[in-house]
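Reproduced below: work-v3.tsv, with TSV, C-alpha atoms and all ligand atoms.
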```tsv
chain	number	residue	atom	x	y	z
A	18	MET	CA	127.43	105.67	63.07
A	19	THR	CA	127.24	101.89	63.37
A	20	GLU	CA	123.97	99.99	63.06
A	21	VAL	CA	123.90	99.42	66.84
A	22	SER	CA	124.27	103.16	67.55
A	23	ASN	CA	121.60	103.92	64.98
A	24	TYR	CA	119.15	101.61	66.73
A	25	THR	CA	120.11	103.00	70.16
A	26	ALA	CA	119.72	106.62	69.08
A	27	CYS	CA	116.42	105.89	67.37
A	28	ARG	CA	114.98	104.14	70.41
A	29	GLN	CA	116.28	106.50	73.11
A	30	LEU	CA	115.42	109.68	71.20
A	31	SER	CA	111.92	108.40	70.35
A	32	GLN	CA	111.34	107.59	74.02
A	33	MET	CA	112.51	111.10	74.91
A	34	PHE	CA	110.28	112.70	72.29
A	35	LEU	CA	107.29	110.68	73.51
A	36	ALA	CA	108.02	111.48	77.18
A	37	ILE	CA	108.16	115.23	76.46
A	38	THR	CA	105.07	115.21	74.23
A	39	ILE	CA	102.98	113.22	76.71
A	40	PHE	CA	104.15	115.30	79.69
A	41	HIS	CA	103.41	118.72	78.20
A	42	SER	CA	100.24	117.90	76.29
A	43	SER	CA	98.65	116.18	79.31
A	44	GLU	CA	99.69	119.13	81.50
A	45	TYR	CA	97.88	121.49	79.11
A	46	ILE	CA	94.80	119.29	78.66
A	47	LEU	CA	94.39	118.82	82.42
A	48	ALA	CA	94.77	122.57	83.02
A	49	ILE	CA	91.99	123.24	80.48
A	50	SER	CA	89.67	120.60	81.89
A	51	ILE	CA	90.18	121.78	85.49
A	52	HIS	CA	90.37	125.57	85.12
A	53	GLY	CA	88.47	126.10	81.85
A	54	LYS	CA	89.90	127.19	78.49
A	55	SER	CA	89.48	130.92	79.18
A	56	ASN	CA	91.71	130.67	82.30
A	57	VAL	CA	94.53	128.76	80.60
A	58	ASN	CA	97.25	130.06	78.30
A	59	LEU	CA	100.33	128.56	76.67
A	60	MET	CA	102.17	128.99	79.97
A	61	SER	CA	100.35	125.85	81.10
A	62	LEU	CA	102.47	123.90	78.64
A	63	LEU	CA	105.23	124.61	81.20
A	64	ILE	CA	107.90	125.32	78.57
A	65	SER	CA	110.01	128.18	79.94
A	66	LYS	CA	113.11	129.59	78.26
A	67	HIS	CA	115.37	127.93	80.87
A	68	TYR	CA	113.61	124.62	80.47
A	69	PHE	CA	113.93	124.79	76.68
A	70	LEU	CA	117.66	125.58	76.94
A	71	ALA	CA	118.16	122.71	79.39
A	72	MET	CA	116.49	120.31	76.96
A	73	VAL	CA	118.61	121.60	74.04
A	74	PHE	CA	121.73	121.17	76.19
A	75	SER	CA	120.77	117.59	77.04
A	76	LEU	CA	120.12	116.81	73.37
A	77	LEU	CA	123.53	118.22	72.42
A	78	GLU	CA	125.18	116.15	75.14
A	79	TYR	CA	123.39	113.08	73.80
A	80	LEU	CA	124.44	113.68	70.19
A	81	ILE	CA	128.07	114.45	71.05
A	82	GLU	CA	128.36	111.38	73.25
A	83	ILE	CA	126.72	108.97	70.84
A	84	PHE	CA	129.21	110.02	68.15
A	85	LEU	CA	132.31	110.14	70.36
A	86	PHE	CA	131.53	107.45	72.98
A	87	PRO	CA	128.74	105.27	71.55
A	88	GLY	CA	129.35	102.60	74.20
A	89	LEU	CA	128.11	105.02	76.88
A	90	LYS	CA	124.58	104.81	75.49
A	91	GLU	CA	124.47	101.02	75.54
A	92	TYR	CA	123.90	100.67	79.29
A	93	TRP	CA	120.36	99.42	78.75
A	94	PHE	CA	119.76	98.59	82.40
A	95	ILE	CA	120.46	102.23	83.35
A	96	SER	CA	118.44	103.54	80.42
A	97	ASN	CA	115.47	101.37	81.41
A	98	VAL	CA	115.69	102.55	85.03
A	99	GLY	CA	115.40	106.09	83.61
A	100	LEU	CA	112.38	105.06	81.54
A	101	ILE	CA	110.70	103.62	84.64
A	102	MET	CA	111.44	106.88	86.51
A	103	VAL	CA	109.85	108.84	83.64
A	104	VAL	CA	106.67	106.75	83.87
A	105	ILE	CA	106.52	106.87	87.69
A	106	GLY	CA	107.24	110.62	87.80
A	107	GLU	CA	104.57	111.30	85.19
A	108	ILE	CA	101.99	109.23	87.11
A	109	ILE	CA	102.77	110.90	90.47
A	110	ARG	CA	102.56	114.39	88.96
A	111	LYS	CA	99.30	113.74	87.11
A	112	MET	CA	97.77	112.12	90.20
A	113	ALA	CA	98.69	115.28	92.13
A	114	ILE	CA	97.03	117.53	89.54
A	115	ILE	CA	93.87	115.40	89.39
A	116	THR	CA	93.65	115.08	93.20
A	117	ALA	CA	94.19	118.79	93.90
A	118	GLY	CA	91.91	119.88	91.04
A	119	GLY	CA	91.22	123.64	91.21
A	120	ALA	CA	93.77	124.04	94.04
A	121	PHE	CA	96.59	123.09	91.62
A	122	THR	CA	97.48	126.36	89.91
A	123	HIS	CA	100.69	126.73	87.91
A	124	LEU	CA	101.23	130.15	89.46
A	125	ILE	CA	101.51	130.10	93.25
A	126	ARG	CA	98.45	131.67	94.92
A	127	THR	CA	99.38	134.62	97.07
A	128	ARG	CA	95.83	135.66	97.99
A	129	PRO	CA	93.20	133.61	99.78
A	130	GLU	CA	90.25	132.44	97.71
A	131	GLU	CA	87.00	131.10	99.02
A	132	HIS	CA	87.00	127.93	96.93
A	133	HIS	CA	90.65	127.11	97.79
A	134	LYS	CA	90.51	124.08	100.10
A	135	LEU	CA	93.46	122.37	101.76
A	136	ILE	CA	94.10	119.04	100.06
A	137	THR	CA	95.44	116.29	102.32
A	138	HIS	CA	93.96	113.19	100.71
A	139	GLY	CA	95.07	110.89	97.84
A	140	VAL	CA	98.75	111.35	96.97
A	141	TYR	CA	98.84	114.37	99.31
A	142	ARG	CA	98.49	111.88	102.20
A	143	PHE	CA	102.02	110.63	101.49
A	144	VAL	CA	103.86	113.82	100.45
A	145	ARG	CA	102.97	117.51	100.61
A	146	HIS	CA	104.32	118.28	97.12
A	147	PRO	CA	103.58	115.31	94.87
A	148	GLY	CA	103.52	117.56	91.79
A	149	TYR	CA	107.10	118.69	92.44
A	150	CYS	CA	108.23	115.23	93.56
A	151	GLY	CA	106.81	113.79	90.31
A	152	PHE	CA	108.49	116.43	88.15
A	153	LEU	CA	111.86	115.89	89.87
A	154	ILE	CA	111.68	112.13	89.23
A	155	TRP	CA	110.44	112.67	85.64
A	156	SER	CA	113.08	115.23	84.66
A	157	VAL	CA	116.06	113.38	86.14
A	158	GLY	CA	114.60	110.15	84.69
A	159	THR	CA	114.67	111.61	81.16
A	160	GLN	CA	118.44	112.13	81.44
A	161	ILE	CA	119.12	108.72	82.97
A	162	MET	CA	117.06	107.24	80.13
A	163	LEU	CA	119.38	108.98	77.63
A	164	CYS	CA	122.48	107.81	79.59
A	165	ASN	CA	123.53	111.49	79.80
A	166	PRO	CA	125.87	111.67	82.85
A	167	LEU	CA	126.42	115.44	82.77
A	168	SER	CA	122.78	116.41	82.25
A	169	THR	CA	121.63	113.88	84.89
A	170	VAL	CA	123.72	115.68	87.52
A	171	LEU	CA	122.83	119.17	86.22
A	172	PHE	CA	119.08	118.44	86.01
A	173	ALA	CA	119.10	116.96	89.53
A	174	ILE	CA	120.87	120.04	90.97
A	175	VAL	CA	118.91	122.68	89.03
A	176	VAL	CA	115.45	121.15	89.52
A	177	TRP	CA	116.13	120.37	93.19
A	178	ARG	CA	117.34	123.94	93.85
A	179	PHE	CA	114.29	125.36	92.09
A	180	PHE	CA	111.90	123.39	94.32
A	181	ALA	CA	113.99	123.91	97.47
A	182	ARG	CA	113.39	127.66	96.99
A	183	ARG	CA	109.81	127.41	95.73
A	184	ILE	CA	108.46	125.20	98.53
A	185	PRO	CA	109.14	127.59	101.47
A	186	TYR	CA	107.63	130.45	99.41
A	187	GLU	CA	104.52	128.40	98.54
A	188	GLU	CA	104.16	127.18	102.11
A	189	TYR	CA	104.45	130.70	103.52
A	190	PHE	CA	101.12	131.46	101.83
A	191	LEU	CA	99.57	128.06	102.59
A	192	ARG	CA	100.30	128.71	106.30
A	193	GLN	CA	98.62	132.08	106.00
A	194	PHE	CA	95.54	130.63	104.29
A	195	PHE	CA	95.09	127.50	106.41
A	196	GLY	CA	96.91	128.35	109.67
A	197	PHE	CA	97.06	125.54	112.23
A	198	GLN	CA	95.54	123.07	109.76
A	199	TYR	CA	98.57	123.45	107.43
A	200	GLN	CA	101.01	123.54	110.36
A	201	GLU	CA	99.74	120.21	111.59
A	202	TYR	CA	99.76	118.74	108.03
A	203	ALA	CA	103.36	119.89	107.43
A	204	GLN	CA	104.53	118.34	110.70
A	205	ARG	CA	102.94	115.01	109.85
A	206	VAL	CA	103.73	114.65	106.12
A	207	PRO	CA	107.17	114.99	104.40
A	208	SER	CA	107.65	117.44	101.51
A	209	GLY	CA	108.40	114.73	98.92
A	210	VAL	CA	111.53	116.54	97.70
A	211	PRO	CA	114.73	115.08	99.24
A	212	PHE	CA	116.38	117.24	101.94
A	213	VAL	CA	113.53	119.78	101.89
A	214	LYS	CA	111.72	119.70	105.25
B	301	LIG	C1	101.95	124.16	91.04
B	301	LIG	S1	100.80	123.80	92.31
B	301	LIG	C2	101.81	122.65	93.22
B	301	LIG	C3	101.09	122.00	94.32
B	301	LIG	C4	102.00	121.18	95.23
B	301	LIG	N1	103.13	121.97	95.67
B	301	LIG	C5	102.48	119.93	94.56
B	301	LIG	O1	103.68	119.83	94.28
B	301	LIG	O2	101.66	119.03	94.32
B	301	LIG	C6	100.89	125.26	93.31
B	301	LIG	C7	99.58	125.66	93.95
B	301	LIG	O3	99.08	124.60	94.72
B	301	LIG	C8	98.57	125.12	95.95
B	301	LIG	N2	98.74	124.06	96.95
B	301	LIG	C9	99.89	123.42	97.27
B	301	LIG	N3	99.68	122.47	98.18
B	301	LIG	C10	98.35	122.50	98.46
B	301	LIG	C11	97.50	121.75	99.31
B	301	LIG	N4	97.98	120.77	100.06
B	301	LIG	N5	96.19	122.06	99.34
B	301	LIG	C12	95.69	123.07	98.57
B	301	LIG	N6	96.43	123.81	97.74
B	301	LIG	C13	97.75	123.52	97.68
B	301	LIG	C14	99.37	126.35	96.26
B	301	LIG	O4	98.62	127.30	96.97
B	301	LIG	C15	99.75	126.85	94.87
B	301	LIG	O5	98.91	127.89	94.42
```

Show me the file's structure as structure tokens.
Amino acid sequence: MTEVSNYTACRQLSQMFLAITIFHSSEYILAISIHGKSNVNLMSLLISKHYFLAMVFSLLEYLIEIFLFPGLKEYWFISNVGLIMVVIGEIIRKMAIITAGGAFTHLIRTRPEEHHKLITHGVYRFVRHPGYCGFLIWSVGTQIMLCNPLSTVLFAIVVWRFFARRIPYEEYFLRQFFGFQYQEYAQRVPSGVPFVK
């Protein structure tokens, strides 16, 4: 590899490593501080098998491309747009978790609980699913930051499909718990995930 590619790989891969470390550790720390250590397990790190494989795939794409087509990784404007998306996505998601507090559970609630209140303030004033909106921006941003064309498209499709299925399921229960209140909220505020009503 040339010196330029060495610098590029070093910088882009360090940014990626930092983005992943900050995202998952803050997710875990917030879960502990909101729900208490006894109610949190390693699942709150949000590293599923599929997610892990997707990240390995994106790393492989990066390594293959930087060896075969090093010029592809030198689009610094695009890479920096990705970095900005990573920061914005991270902020939106963490604001959602902090605003929703105890209402933000990693597993979707399917039974009503007395302390579960409908959150419609803070970031929830602008979108109904800021946590998902933030993750979508963050995850696609990581791939744009790496100038990974294939993984950018794949991440966008896979993450979008995941939330497009999860949101109606989650909202089915929110409508049961909060009735008209949620109905009115959903009519007034967009989901925050493109093309999901
Ligand atoms: C992983 S959190 C995601 C919350 C939200 N979908 C988001 O993207 O910010 C899922 C839990 O949040 C709860 N939840 C979602 N929206 C809520 C709201 N506006 N008020 C209270 N609880 C909510 C659901 O009942 C579910 O158990």

Sorted per-residue table, chain A near ligand LIG 301 (chain B), closest atoms and distance, 10 Å, only C-alpha atoms and all ligand atoms, as a tab-separated table:
```
residue	atom	partner	partner_atom	distance
A:Ile109	CA	B:LIG301	O2	9.1
A:Arg110	CA	B:LIG301	O2	7.1
A:Lys111	CA	B:LIG301	O2	9.2
A:Met112	CA	B:LIG301	O2	8.9
A:Ala113	CA	B:LIG301	O2	5.3
A:Ile114	CA	B:LIG301	O2	6.8
A:Ile115	CA	B:LIG301	O2	9.9
A:Thr116	CA	B:LIG301	O2	9.0
A:Ala117	CA	B:LIG301	C12	6.5
A:Gly118	CA	B:LIG301	N6	9.0
A:Gly119	CA	B:LIG301	N6	8.4
A:Ala120	CA	B:LIG301	N6	4.6
A:Phe121	CA	B:LIG301	O3	4.3
A:Thr122	CA	B:LIG301	C7	4.6
A:His123	CA	B:LIG301	C1	4.2
A:Leu124	CA	B:LIG301	O5	5.9
A:Ile125	CA	B:LIG301	O5	3.6
A:Arg126	CA	B:LIG301	O5	3.8
A:Thr127	CA	B:LIG301	O5	7.2
A:Arg128	CA	B:LIG301	O4	8.9
A:Pro129	CA	B:LIG301	O4	8.8
A:Glu130	CA	B:LIG301	O4	9.9
A:His133	CA	B:LIG301	C12	6.5
A:Lys134	CA	B:LIG301	C12	5.5
A:Leu135	CA	B:LIG301	N5	3.7
A:Ile136	CA	B:LIG301	N5	3.7
A:Thr137	CA	B:LIG301	N4	5.6
A:His138	CA	B:LIG301	N4	8.6
A:Val140	CA	B:LIG301	O2	8.6
A:Tyr141	CA	B:LIG301	N4	6.5
A:Arg142	CA	B:LIG301	N4	9.2
A:Val144	CA	B:LIG301	O2	8.3
A:Arg145	CA	B:LIG301	N4	6.0
A:His146	CA	B:LIG301	O1	3.3
A:Pro147	CA	B:LIG301	O2	4.2
A:Gly148	CA	B:LIG301	O1	3.4
A:Tyr149	CA	B:LIG301	O1	4.0
A:Cys150	CA	B:LIG301	O1	6.5
A:Gly151	CA	B:LIG301	O1	7.9
A:Phe152	CA	B:LIG301	O1	8.5
A:Phe180	CA	B:LIG301	O1	9.0
A:Arg183	CA	B:LIG301	N1	8.6
A:Ile184	CA	B:LIG301	N1	6.9
A:Tyr186	CA	B:LIG301	C14	9.7
A:Glu187	CA	B:LIG301	C14	6.0
A:Glu188	CA	B:LIG301	C9	7.5
A:Tyr189	CA	B:LIG301	O4	9.4
A:Phe190	CA	B:LIG301	O4	6.9
A:Leu191	CA	B:LIG301	O4	5.8
A:Arg192	CA	B:LIG301	O4	9.6
A:Phe194	CA	B:LIG301	O4	8.6
A:Phe195	CA	B:LIG301	N5	9.0
A:Tyr199	CA	B:LIG301	N4	7.9
A:Tyr202	CA	B:LIG301	N4	8.4
A:Ala203	CA	B:LIG301	N4	9.2
A:Ser208	CA	B:LIG301	O1	8.6
A:Gly209	CA	B:LIG301	O1	8.4
A:Val210	CA	B:LIG301	O1	9.2
```

Distance of CA of Ser156 in chain A from CA of Phe172 in chain A, expressed in Å to one decimal place:
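Calculated distance between CA of Phe172 in chain A and CA of Ser156 in chain A is 6.9 Å.
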
Using only C-alpha atoms, determine which residues lie at most 12 Å from Val104 in chain A, disregarding the query and same-chain residues fewer than 2 positions distant; provide the list as a JSON list (two decimals) with C-alpha atoms, keeping the file's coordinate frame.
```json
[["chain", "number", "residue", "atom", "x", "y", "z"],
["A", 32, "GLN", "CA", 111.34, 107.59, 74.02],
["A", 33, "MET", "CA", 112.51, 111.10, 74.91],
["A", 35, "LEU", "CA", 107.29, 110.68, 73.51],
["A", 36, "ALA", "CA", 108.02, 111.48, 77.18],
["A", 37, "ILE", "CA", 108.16, 115.23, 76.46],
["A", 39, "ILE", "CA", 102.98, 113.22, 76.71],
["A", 40, "PHE", "CA", 104.15, 115.30, 79.69],
["A", 97, "ASN", "CA", 115.47, 101.37, 81.41],
["A", 98, "VAL", "CA", 115.69, 102.55, 85.03],
["A", 99, "GLY", "CA", 115.40, 106.09, 83.61],
["A", 100, "LEU", "CA", 112.38, 105.06, 81.54],
["A", 101, "ILE", "CA", 110.70, 103.62, 84.64],
["A", 102, "MET", "CA", 111.44, 106.88, 86.51],
["A", 106, "GLY", "CA", 107.24, 110.62, 87.80],
["A", 107, "GLU", "CA", 104.57, 111.30, 85.19],
["A", 108, "ILE", "CA", 101.99, 109.23, 87.11],
["A", 109, "ILE", "CA", 102.77, 110.90, 90.47],
["A", 110, "ARG", "CA", 102.56, 114.39, 88.96],
["A", 111, "LYS", "CA", 99.30, 113.74, 87.11],
["A", 151, "GLY", "CA", 106.81, 113.79, 90.31],
["A", 152, "PHE", "CA", 108.49, 116.43, 88.15],
["A", 154, "ILE", "CA", 111.68, 112.13, 89.23],
["A", 155, "TRP", "CA", 110.44, 112.67, 85.64],
["A", 156, "SER", "CA", 113.08, 115.23, 84.66],
["A", 157, "VAL", "CA", 116.06, 113.38, 86.14],
["A", 158, "GLY", "CA", 114.60, 110.15, 84.69],
["A", 159, "THR", "CA", 114.67, 111.61, 81.16],
["A", 162, "MET", "CA", 117.06, 107.24, 80.13]]
```

Nearest residue to His41 in chain A from the set A:Val21, A:Cys27, A:Ile95, A:Leu63 (distances using all atoms listed in the file)
A:Leu63

Using all atoms listed in the file, find the one residue out of A:Asn23, A:Ser168, A:Ser75, A:Asn58 that sits nearest to Ile46 in chain A.
A:Asn58

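Taking CA of Ile174 in chain A and CA of Leu89 in chain A as the two end points, the separation is 21.8 Å.
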
Atomic separation - CA of Val213 in chain A relative to CA of Trp177 in chain A, Å
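CA of Trp177 in chain A sits 9.1 Å away from CA of Val213 in chain A.
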
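Using only C-alpha atoms for every distance, the candidate list A:Arg205, A:Gly53, A:Phe34, A:Glu44 yields A:Arg205 as the residue closest to Phe143 in chain A.
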
Go through A:Ser96, A:Gln29, A:Gln193, A:Gln204 and flag the residue nearest Thr169 in chain A, using all atoms listed in the file for the distances.
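Smallest separation from Thr169 in chain A among the options: A:Ser96.
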
Have a look at A:Pro87, A:Leu163, A:Glu131, A:Thr25 and name the one nearest to Met72 in chain A; count all atoms listed in the file.
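Counting all atoms listed in the file, the residue closest to Met72 in chain A is A:Leu163.
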
Near Leu76 in chain A, counting all atoms listed in the file, which residues have an atom at most 10 Å away, once you skip same-chain residues fewer than 5 positions from it, shown as a list in words?
Leu30, Met33, Leu70, Ala71, Ile81, Glu82, Gln160, Leu163, Asn165 and Ser168 of chain A
